[in-house]
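File shown: run39.txt (compact mmCIF, C-alpha atoms and all ligand atoms).
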# COMPACT_ATOMS: atom_id res chain seq x y z
CA MET A 244 -2.75 18.21 13.57
CA SER A 245 -0.23 16.60 11.26
CA LEU A 246 -0.31 12.84 10.82
CA PRO A 247 2.43 10.63 12.24
CA GLN A 248 5.40 9.73 10.02
CA PHE A 249 5.30 6.43 8.18
CA PRO A 250 8.66 5.85 6.46
CA PHE A 251 7.20 3.07 4.29
CA HIS A 252 3.89 4.82 3.49
CA PRO A 253 4.68 8.55 3.66
CA ASP A 254 1.35 9.96 2.46
CA PRO A 255 -1.52 7.63 3.42
CA VAL A 256 -4.04 10.41 2.77
CA ARG A 257 -2.92 10.65 -0.85
CA SER A 258 -3.08 6.88 -1.20
CA GLY A 259 -6.57 6.74 0.33
CA SER A 260 -5.57 4.45 3.23
CA VAL A 261 -6.24 7.18 5.83
CA VAL A 262 -9.40 9.27 5.48
CA ALA A 263 -10.87 12.27 7.31
CA SER A 264 -13.45 10.97 9.80
CA ASP A 265 -15.08 11.95 13.09
CA LYS A 266 -15.15 8.30 14.23
CA LYS A 267 -13.63 7.32 17.59
CA CYS A 268 -10.55 5.12 17.45
CA ARG A 269 -11.25 1.69 19.03
CA CYS A 270 -7.71 1.58 20.40
CA CYS A 271 -7.19 4.98 22.09
CA GLY A 272 -10.86 5.96 22.31
CA GLN A 273 -10.21 9.39 20.85
CA LYS A 274 -11.67 11.21 17.87
CA ARG A 275 -8.59 12.41 16.07
CA GLY A 276 -10.10 13.48 12.77
CA TRP A 277 -8.49 10.65 10.77
CA ILE A 278 -9.27 6.94 10.47
CA TYR A 279 -7.37 4.13 8.77
CA SER A 280 -9.50 2.61 6.01
CA GLY A 281 -7.12 -0.07 4.69
CA PRO A 282 -6.99 -3.80 5.50
CA VAL A 283 -6.65 -5.01 9.13
CA TYR A 284 -5.61 -8.59 9.88
CA ALA A 285 -6.93 -9.31 13.39
CA GLU A 286 -9.43 -11.50 15.20
CA LYS A 287 -11.75 -8.55 15.81
CA ASP A 288 -13.38 -6.65 12.98
CA LEU A 289 -11.40 -3.41 13.11
CA ASP A 290 -12.25 -2.05 9.67
CA ASP A 291 -12.48 1.75 9.64
CA SER A 292 -11.92 1.96 13.41
CA LEU A 293 -8.24 2.69 14.13
CA CYS A 294 -6.49 6.06 14.10
CA PRO A 295 -3.12 6.46 12.36
CA TRP A 296 -1.39 7.36 15.65
CA CYS A 297 -2.25 3.98 17.20
CA ILE A 298 -0.84 2.31 14.08
CA ALA A 299 2.37 4.40 14.11
CA ASP A 300 3.24 3.80 17.78
CA GLY A 301 2.45 0.08 17.63
CA LYS A 302 -0.43 0.29 20.12
CA ALA A 303 -3.01 -1.07 17.67
CA HIS A 304 -0.68 -3.99 16.94
CA THR A 305 -0.02 -4.86 20.60
CA THR A 306 -3.60 -4.27 21.80
CA PHE A 307 -5.38 -6.32 19.13
CA ASP A 308 -2.52 -8.44 17.73
CA ALA A 309 -3.38 -6.64 14.49
CA THR A 310 -1.26 -6.31 11.36
CA PHE A 311 -1.98 -4.18 8.31
CA VAL A 312 0.03 -5.89 5.59
CA ASP A 313 0.40 -9.61 4.84
CA SER A 314 3.80 -10.81 6.08
CA GLU A 315 4.07 -12.90 2.88
CA ALA A 316 4.07 -9.73 0.75
CA PHE A 317 7.85 -9.16 0.92
CA ALA A 318 10.94 -10.19 -1.02
CA ALA A 319 12.67 -13.24 0.50
CA ASP A 320 15.76 -11.30 1.68
CA THR A 321 13.79 -8.63 3.61
CA PRO A 322 15.04 -8.29 7.22
CA THR A 323 12.50 -9.37 9.86
CA ALA A 324 12.72 -6.00 11.65
CA THR A 325 11.69 -4.24 8.44
CA ILE A 326 8.84 -6.68 7.82
CA ASP A 327 7.67 -6.02 11.40
CA GLU A 328 7.80 -2.26 10.90
CA VAL A 329 5.69 -2.47 7.75
CA THR A 330 3.21 -5.12 8.87
CA GLN A 331 2.76 -3.89 12.48
CA ARG A 332 3.25 -0.11 12.37
CA THR A 333 2.48 1.03 8.80
CA PRO A 334 -0.88 1.53 7.07
CA GLY A 335 -1.51 -1.05 4.36
CA PHE A 336 -3.51 -0.63 1.16
CA ALA A 337 -6.55 -2.35 -0.32
CA THR A 338 -5.87 -4.85 -3.12
CA PHE A 339 -7.77 -7.43 -5.14
CA GLN A 340 -5.31 -10.33 -4.72
CA SER A 341 -3.05 -10.74 -1.70
CA GLU A 342 -0.80 -7.72 -1.60
CA ARG A 343 2.85 -7.53 -2.63
CA TRP A 344 5.28 -5.07 -1.11
CA PRO A 345 8.20 -5.12 -3.57
CA SER A 346 11.81 -4.14 -2.84
CA CYS A 347 14.42 -2.00 -4.58
CA CYS A 348 18.08 -1.57 -3.51
CA GLY A 349 17.65 -4.35 -0.94
CA GLU A 350 14.71 -3.00 1.04
CA PRO A 351 10.94 -2.62 0.66
CA GLY A 352 9.90 0.51 -1.21
CA ALA A 353 7.73 3.25 0.24
CA PHE A 354 4.14 2.81 -0.89
CA VAL A 355 2.98 5.89 -2.79
CA THR A 356 -0.49 5.30 -4.24
CA PRO A 357 -2.81 3.16 -6.30
CA ALA A 358 -2.88 4.59 -9.83
CA GLY A 359 -4.64 4.41 -13.17
CA ILE A 360 -2.92 4.84 -16.51
CA ALA A 361 -3.64 8.62 -16.56
CA GLU A 362 -1.81 9.12 -13.23
CA ILE A 363 1.02 6.83 -14.33
CA ARG A 364 1.56 8.92 -17.48
CA GLN A 365 1.26 12.18 -15.60
CA HIS A 366 3.44 11.43 -12.56
CA PHE A 367 5.29 8.11 -12.99
CA ARG A 368 5.96 7.94 -16.72
CA ALA A 369 9.22 6.02 -16.15
CA MET A 370 7.18 3.09 -14.80
CA GLU A 371 5.12 2.43 -17.89
CA GLY A 372 7.59 0.00 -19.47
CA GLU A 373 8.03 -1.91 -16.23
CA LEU A 374 4.26 -2.25 -15.80
CA MET A 375 3.99 -3.58 -19.35
CA SER A 376 6.70 -6.16 -18.56
CA PHE A 377 4.81 -7.15 -15.43
CA ILE A 378 1.61 -7.64 -17.46
CA VAL A 379 3.44 -9.78 -20.03
CA TYR A 380 5.77 -11.83 -17.79
CA GLU A 381 3.99 -12.00 -14.43
CA LEU A 382 0.34 -11.91 -15.52
CA GLY A 383 0.98 -13.86 -18.72
CA VAL A 384 -1.02 -11.49 -20.93
CA SER A 385 0.46 -10.63 -24.33
CA GLY A 386 -0.09 -8.74 -27.57
CA GLY A 387 -3.17 -6.58 -27.94
CA ALA A 388 -4.65 -7.84 -24.69
CA ALA A 389 -1.58 -6.61 -22.78
CA ASN A 390 -1.94 -3.15 -24.32
CA LYS A 391 -5.62 -3.14 -23.50
CA LEU A 392 -4.93 -4.10 -19.87
CA LEU A 393 -2.34 -1.33 -19.55
CA GLU A 394 -4.73 1.23 -21.05
CA SER A 395 -7.53 0.13 -18.72
CA LEU A 396 -5.60 0.66 -15.44
CA GLN A 397 -7.71 2.63 -12.96
CA ARG A 398 -7.08 3.97 -9.50
CA ASP A 399 -10.38 2.85 -7.96
CA ARG A 400 -11.19 -0.43 -9.67
CA SER A 401 -9.49 -3.40 -11.27
CA PRO A 402 -7.03 -3.45 -12.92
CA THR A 403 -4.93 -1.10 -10.77
CA ALA A 404 -1.23 -0.22 -10.67
CA PHE A 405 0.36 0.07 -7.21
CA VAL A 406 3.16 2.62 -7.12
CA PHE A 407 6.16 2.42 -4.76
CA GLN A 408 9.24 4.62 -4.54
CA CYS A 409 12.67 3.35 -3.58
CA ARG A 410 13.84 5.00 -0.34
CA LYS A 411 17.45 4.80 -1.56
CA CYS A 412 17.55 5.49 -5.34
CA ALA A 413 14.13 7.28 -5.50
CA ARG A 414 13.07 5.19 -8.52
CA PRO A 415 9.28 4.70 -8.84
CA PHE A 416 8.35 1.06 -9.38
CA GLY A 417 5.42 -1.23 -8.76
CA TYR A 418 3.06 -3.83 -10.07
CA VAL A 419 -0.39 -4.46 -11.53
CA ASP A 420 -3.22 -6.10 -9.59
CA THR A 421 -6.48 -7.41 -11.04
CA VAL A 422 -9.56 -9.16 -9.69
ZN ZN A 501 -6.06 5.63 18.26
ZN ZN A 502 16.38 1.55 -5.57
For this file, produce the structure as structure tokens.
Amino acid sequence: MSLPQFPFHPDPVRSGSVVASDKKCRCCGQKRGWIYSGPVYAEKDLDDSLCPWCIADGKAHTTFDATFVDSEAFAADTPTATIDEVTQRTPGFATFQSERWPSCCGEPGAFVTPAGIAEIRQHFRAMEGELMSFIVYELGVSGGAANKLLESLQRDRSPTAFVFQCRKCARPFGYVDTV
């Protein structure tokens, strides 16, 4: 069974936000073979208990008043309908600080994956300079320490790069998150 389409998070298996599981979904009650393992903002504890189909069709949002991405994560000019689509019907991703969902060409990018420096150099080489600028100007780290931070990026623990791709110009872009 192929997963539902998420325009703003096209491959949540690659990113690790959806994992193979025989758990029952707490929303539809079915075992669908896949469970969402990213953050859930809701009154109930719904960690590791929703299937991607109930996220995609909005049922998990309406049933539990749940969202999956912080509504503060977006650029100021992002249309409300787009923020709703991402926060209410798109899998989020685990971060250390509150998440950011940056924009390119006037709309939020599609989330691709968390990445370490090896993956950045292998698949998203064009991003390396931008990540270095982020470390220097946004994180306020400079000189040798900035280089060291860049070299220590890892997919599974801090510091991590989060990779997005623009849905219009296809440019990969993103930011660095640390504990
Ligand atoms: Zn479900
Ligand atoms: Zn763009």
Let me have all residues with an atom within 10 Å of ligand ZN 502 (chain A), counting only C-alpha atoms and all ligand atoms, laid out as a ChimeraX atom specification. /A:346-352,408-416
Please find the residues contacting ligand ZN 501 (chain A) at a distance of at most 6 Å between atoms, with all atoms listed in the file counted, and report them as a short mmCIF file (atom, residue, chain, number, x, y, z; two decimals) with C-alpha atoms, in the frame of the given file.
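This went into out34.cif:
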data_model
loop_
_atom_site.label_atom_id
_atom_site.label_comp_id
_atom_site.auth_asym_id
_atom_site.auth_seq_id
_atom_site.Cartn_x
_atom_site.Cartn_y
_atom_site.Cartn_z
CA CYS A 268 -10.55 5.12 17.45
CA CYS A 270 -7.71 1.58 20.40
CA CYS A 271 -7.19 4.98 22.09
CA LEU A 293 -8.24 2.69 14.13
CA CYS A 294 -6.49 6.06 14.10
CA TRP A 296 -1.39 7.36 15.65
CA CYS A 297 -2.25 3.98 17.20
#
Centre, x/y/z edge lengths, axis-aligned box for region 322-330 of chain A with 5 Å per side, as AutoDock Vina command-line options:
--center_x 9.1 --center_y -5.8 --center_z 9.4 --size_x 21.8 --size_y 17.1 --size_z 14.4
Just want the 8 Å neighbourhood of region 353-362 of chain A, counted on all atoms listed in the file, with same-chain residues fewer than 2 positions away dropped. Output as a PyMOL selection string. chain A and resi 250-255+257-259+344+351+364-367+393-399+403-410
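Of the listed residues (A:Val419, A:Ser280, A:Pro345, A:Leu289), A:Val419 comes nearest to Val379 (chain A); the distances count all atoms listed in the file.
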With only C-alpha atoms as the basis for distance, which of A:Ser401, A:Gln273, A:Ser245, A:Thr421 is at the shortest distance from Leu382 (chain A)? A:Thr421
